[in-house]
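What's in upload.pdb: PDB, C-alpha atoms, pLDDT in the B column
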```
ATOM      1  CA  SER A   1     -33.989  69.702  13.642  1.00 64.00           C
ATOM      2  CA  VAL A   2     -31.081  68.474  11.558  1.00 70.00           C
ATOM      3  CA  LEU A   3     -29.604  65.185  12.627  1.00 81.00           C
ATOM      4  CA  PRO A   4     -25.951  64.263  12.101  1.00 79.00           C
ATOM      5  CA  SER A   5     -27.055  61.479   9.764  1.00 81.00           C
ATOM      6  CA  ASP A   6     -28.860  64.077   7.640  1.00 85.00           C
ATOM      7  CA  VAL A   7     -25.726  66.174   7.368  1.00 87.00           C
ATOM      8  CA  SER A   8     -23.698  63.190   6.196  1.00 87.00           C
ATOM      9  CA  ARG A   9     -26.338  62.373   3.582  1.00 88.00           C
ATOM     10  CA  TYR A  10     -26.276  65.965   2.360  1.00 89.00           C
ATOM     11  CA  ALA A  11     -22.498  65.784   2.032  1.00 89.00           C
ATOM     12  CA  VAL A  12     -22.747  62.585  -0.004  1.00 90.00           C
ATOM     13  CA  ALA A  13     -25.375  64.207  -2.233  1.00 89.00           C
ATOM     14  CA  VAL A  14     -23.153  67.221  -2.915  1.00 87.00           C
ATOM     15  CA  VAL A  15     -20.248  64.988  -3.927  1.00 87.00           C
ATOM     16  CA  ALA A  16     -22.500  62.805  -6.088  1.00 87.00           C
ATOM     17  CA  TYR A  17     -23.935  65.883  -7.795  1.00 85.00           C
ATOM     18  CA  ALA A  18     -20.465  67.115  -8.647  1.00 81.00           C
ATOM     19  CA  LEU A  19     -19.465  63.774 -10.133  1.00 81.00           C
ATOM     20  CA  VAL A  20     -22.673  63.052 -12.017  1.00 84.00           C
ATOM     21  CA  LEU A  21     -23.843  66.457 -13.242  1.00 85.00           C
ATOM     22  CA  PHE A  22     -21.376  69.282 -12.705  1.00 91.00           C
ATOM     23  CA  ALA A  23     -18.272  67.640 -14.199  1.00 92.00           C
ATOM     24  CA  PRO A  24     -19.907  66.569 -17.498  1.00 94.00           C
ATOM     25  CA  GLY A  25     -21.301  70.048 -18.067  1.00 95.00           C
ATOM     26  CA  TYR A  26     -17.955  71.646 -17.302  1.00 96.00           C
ATOM     27  CA  VAL A  27     -16.084  69.333 -19.686  1.00 96.00           C
ATOM     28  CA  LEU A  28     -18.706  69.860 -22.392  1.00 95.00           C
ATOM     29  CA  GLY A  29     -18.525  73.624 -21.920  1.00 96.00           C
ATOM     30  CA  TRP A  30     -14.748  73.585 -22.103  1.00 96.00           C
ATOM     31  CA  ALA A  31     -14.759  71.425 -25.236  1.00 96.00           C
ATOM     32  CA  LEU A  32     -17.444  73.313 -27.183  1.00 96.00           C
ATOM     33  CA  ASN A  33     -17.014  76.806 -25.667  1.00 96.00           C
ATOM     34  CA  PRO A  34     -20.722  77.751 -25.894  1.00 94.00           C
ATOM     35  CA  LEU A  35     -21.514  81.349 -24.945  1.00 93.00           C
ATOM     36  CA  GLY A  36     -17.820  82.039 -24.418  1.00 95.00           C
ATOM     37  CA  PHE A  37     -17.520  79.444 -21.642  1.00 95.00           C
ATOM     38  CA  ARG A  38     -13.737  79.684 -21.354  1.00 95.00           C
ATOM     39  CA  ALA A  39     -13.822  83.495 -21.127  1.00 96.00           C
ATOM     40  CA  GLU A  40     -16.267  83.469 -18.199  1.00 95.00           C
ATOM     41  CA  ASN A  41     -15.187  83.810 -14.580  1.00 95.00           C
ATOM     42  CA  ARG A  42     -15.532  80.844 -12.200  1.00 93.00           C
ATOM     43  CA  SER A  43     -19.110  81.559 -11.204  1.00 94.00           C
ATOM     44  CA  GLY A  44     -20.145  82.046 -14.819  1.00 95.00           C
ATOM     45  CA  ARG A  45     -18.502  78.768 -15.824  1.00 95.00           C
ATOM     46  CA  ALA A  46     -20.182  76.995 -12.896  1.00 93.00           C
ATOM     47  CA  ALA A  47     -23.599  78.306 -13.907  1.00 93.00           C
ATOM     48  CA  LEU A  48     -23.096  77.331 -17.545  1.00 95.00           C
ATOM     49  CA  ALA A  49     -21.778  73.901 -16.500  1.00 95.00           C
ATOM     50  CA  VAL A  50     -24.941  73.195 -14.529  1.00 92.00           C
ATOM     51  CA  LEU A  51     -27.093  74.418 -17.411  1.00 93.00           C
ATOM     52  CA  LEU A  52     -25.253  72.240 -19.925  1.00 94.00           C
ATOM     53  CA  SER A  53     -25.375  69.226 -17.639  1.00 94.00           C
ATOM     54  CA  VAL A  54     -29.095  69.458 -17.041  1.00 92.00           C
ATOM     55  CA  ALA A  55     -29.717  69.930 -20.766  1.00 94.00           C
ATOM     56  CA  VAL A  56     -27.378  67.317 -22.213  1.00 94.00           C
ATOM     57  CA  VAL A  57     -26.436  64.605 -19.708  1.00 92.00           C
ATOM     58  CA  PRO A  58     -29.830  62.915 -19.163  1.00 92.00           C
ATOM     59  CA  VAL A  59     -30.504  62.568 -22.883  1.00 95.00           C
ATOM     60  CA  THR A  60     -26.972  61.451 -23.673  1.00 94.00           C
ATOM     61  CA  MET A  61     -26.928  58.834 -20.922  1.00 93.00           C
ATOM     62  CA  TYR A  62     -30.360  57.561 -21.957  1.00 95.00           C
ATOM     63  CA  TRP A  63     -29.244  57.091 -25.556  1.00 97.00           C
ATOM     64  CA  LEU A  64     -26.007  55.433 -24.502  1.00 96.00           C
ATOM     65  CA  ALA A  65     -27.861  53.044 -22.185  1.00 95.00           C
ATOM     66  CA  ARG A  66     -30.604  52.342 -24.697  1.00 96.00           C
ATOM     67  CA  PHE A  67     -28.557  51.767 -27.836  1.00 96.00           C
ATOM     68  CA  GLY A  68     -25.016  51.122 -26.617  1.00 95.00           C
ATOM     69  CA  PRO A  69     -23.440  48.263 -24.748  1.00 95.00           C
ATOM     70  CA  ALA A  70     -24.080  47.953 -21.007  1.00 88.00           C
ATOM     71  CA  TRP A  71     -20.778  49.610 -20.088  1.00 95.00           C
ATOM     72  CA  ALA A  72     -21.199  52.659 -22.370  1.00 96.00           C
ATOM     73  CA  VAL A  73     -22.649  54.944 -19.687  1.00 94.00           C
ATOM     74  CA  TRP A  74     -19.834  54.148 -17.263  1.00 94.00           C
ATOM     75  CA  ALA A  75     -17.251  54.596 -20.006  1.00 96.00           C
ATOM     76  CA  ALA A  76     -18.696  58.033 -20.812  1.00 95.00           C
ATOM     77  CA  TYR A  77     -18.555  59.050 -17.157  1.00 93.00           C
ATOM     78  CA  ALA A  78     -15.002  57.695 -16.858  1.00 95.00           C
ATOM     79  CA  ALA A  79     -13.943  59.808 -19.844  1.00 96.00           C
ATOM     80  CA  VAL A  80     -15.558  62.882 -18.300  1.00 95.00           C
ATOM     81  CA  TRP A  81     -13.967  62.264 -14.895  1.00 93.00           C
ATOM     82  CA  ALA A  82     -10.563  61.844 -16.566  1.00 96.00           C
ATOM     83  CA  ALA A  83     -10.964  65.075 -18.548  1.00 96.00           C
ATOM     84  CA  PHE A  84     -12.413  67.176 -15.719  1.00 94.00           C
ATOM     85  CA  PRO A  85      -9.168  67.817 -13.788  1.00 94.00           C
ATOM     86  CA  VAL A  86      -7.433  68.750 -17.052  1.00 95.00           C
ATOM     87  CA  THR A  87     -10.053  71.413 -17.829  1.00 93.00           C
ATOM     88  CA  LEU A  88      -9.646  72.982 -14.378  1.00 88.00           C
ATOM     89  CA  VAL A  89      -5.992  73.867 -15.047  1.00 78.00           C
TER      90      VAL A  89
END
```

Taking this structure as input, can you express it in the form of structure tokens?
Amino acid sequence: SVLPSDVSRYAVAVVAYALVLFAPGYVLGWALNPLGFRAENRSGRAALAVLLSVAVVPVTMYWLARFGPAWAVWAAYAAVWAAFPVTLV
């Protein structure tokens, strides 16, 4: 059975996923327009955003953490979170 605490954890995971993986892929897709990202409908853009995020974000964040200053990863996420609402318009 599903407990109320499980449901709240699932909700937190969905929000965290959107902040950590979906938004960077969406911003990257909007900026680079791979595979006609901007011409796609919402579901197509969502699918491409997830694909781009899974392909690019882990490597990018690793390199930023490994070779950049300690705050570089958070600065990259802050830039993405600032640009994400702009790309939705």

Checklist entry - Between atom CA of A:Met61 and atom CA of A:Gly29, what is the distance, to one decimal in Å? => result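 Result for atom CA of A:Met61 versus atom CA of A:Gly29: 17.0 Å, one decimal.
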
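Taking atom CA of A:Leu51 and atom CA of A:Pro24 as the two end points, the separation is 10.6 Å.
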
Since I can't run it myself right now, could you work out what the PyMOL selection byres ((chain A and resi 54) around 12) selects here and report it as an mmCIF file with C-alpha atoms, in the frame of the given file?
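expr12.cif written:
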```cif
data_model
loop_
_atom_site.group_PDB
_atom_site.id
_atom_site.type_symbol
_atom_site.label_atom_id
_atom_site.label_comp_id
_atom_site.auth_asym_id
_atom_site.auth_seq_id
_atom_site.Cartn_x
_atom_site.Cartn_y
_atom_site.Cartn_z
ATOM 1 C CA TYR A 17 -23.935 65.883 -7.795
ATOM 2 C CA VAL A 20 -22.673 63.052 -12.017
ATOM 3 C CA LEU A 21 -23.843 66.457 -13.242
ATOM 4 C CA PHE A 22 -21.376 69.282 -12.705
ATOM 5 C CA ALA A 23 -18.272 67.640 -14.199
ATOM 6 C CA PRO A 24 -19.907 66.569 -17.498
ATOM 7 C CA GLY A 25 -21.301 70.048 -18.067
ATOM 8 C CA TYR A 26 -17.955 71.646 -17.302
ATOM 9 C CA LEU A 28 -18.706 69.860 -22.392
ATOM 10 C CA ALA A 47 -23.599 78.306 -13.907
ATOM 11 C CA LEU A 48 -23.096 77.331 -17.545
ATOM 12 C CA ALA A 49 -21.778 73.901 -16.500
ATOM 13 C CA VAL A 50 -24.941 73.195 -14.529
ATOM 14 C CA LEU A 51 -27.093 74.418 -17.411
ATOM 15 C CA LEU A 52 -25.253 72.240 -19.925
ATOM 16 C CA SER A 53 -25.375 69.226 -17.639
ATOM 17 C CA ALA A 55 -29.717 69.930 -20.766
ATOM 18 C CA VAL A 56 -27.378 67.317 -22.213
ATOM 19 C CA VAL A 57 -26.436 64.605 -19.708
ATOM 20 C CA PRO A 58 -29.830 62.915 -19.163
ATOM 21 C CA VAL A 59 -30.504 62.568 -22.883
ATOM 22 C CA THR A 60 -26.972 61.451 -23.673
ATOM 23 C CA MET A 61 -26.928 58.834 -20.922
#
```

Next on the checklist: Between atom CA of A:Leu88 and atom CA of A:Arg38, what is the distance in Å, rounded to a tenth?
Outcome noted: 10.5 Å

Checklist entry - Using all atoms listed in the file, which of A:Thr87, A:Val15, A:Ala65, A:Ala78 sits nearest A:Phe37? => result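 Ranking A:Thr87, A:Val15, A:Ala65, A:Ala78 by distance to A:Phe37, first place goes to A:Thr87.
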
Checklist entry - How would you write, as a list in words, the residues chosen by the PyMOL selection byres ((chain A and resi 86) around 12) on this structure? => result Ala23, Tyr26, Val27, Trp30, Ala31, Ala79, Val80, Trp81, Ala82, Ala83, Phe84, Pro85, Thr87, Leu88 and Val89 of chain A

Taking all listed atoms of stretch 76-83 of chain A, build the axis-aligned box, pad each of the six sides by 8 Å, then write its centre and edge lengths in Å to one decimal as JSON.
```
{"center_x": -14.6, "center_y": 61.4, "center_z": -17.9, "size_x": 24.1, "size_y": 23.4, "size_z": 21.9}
```
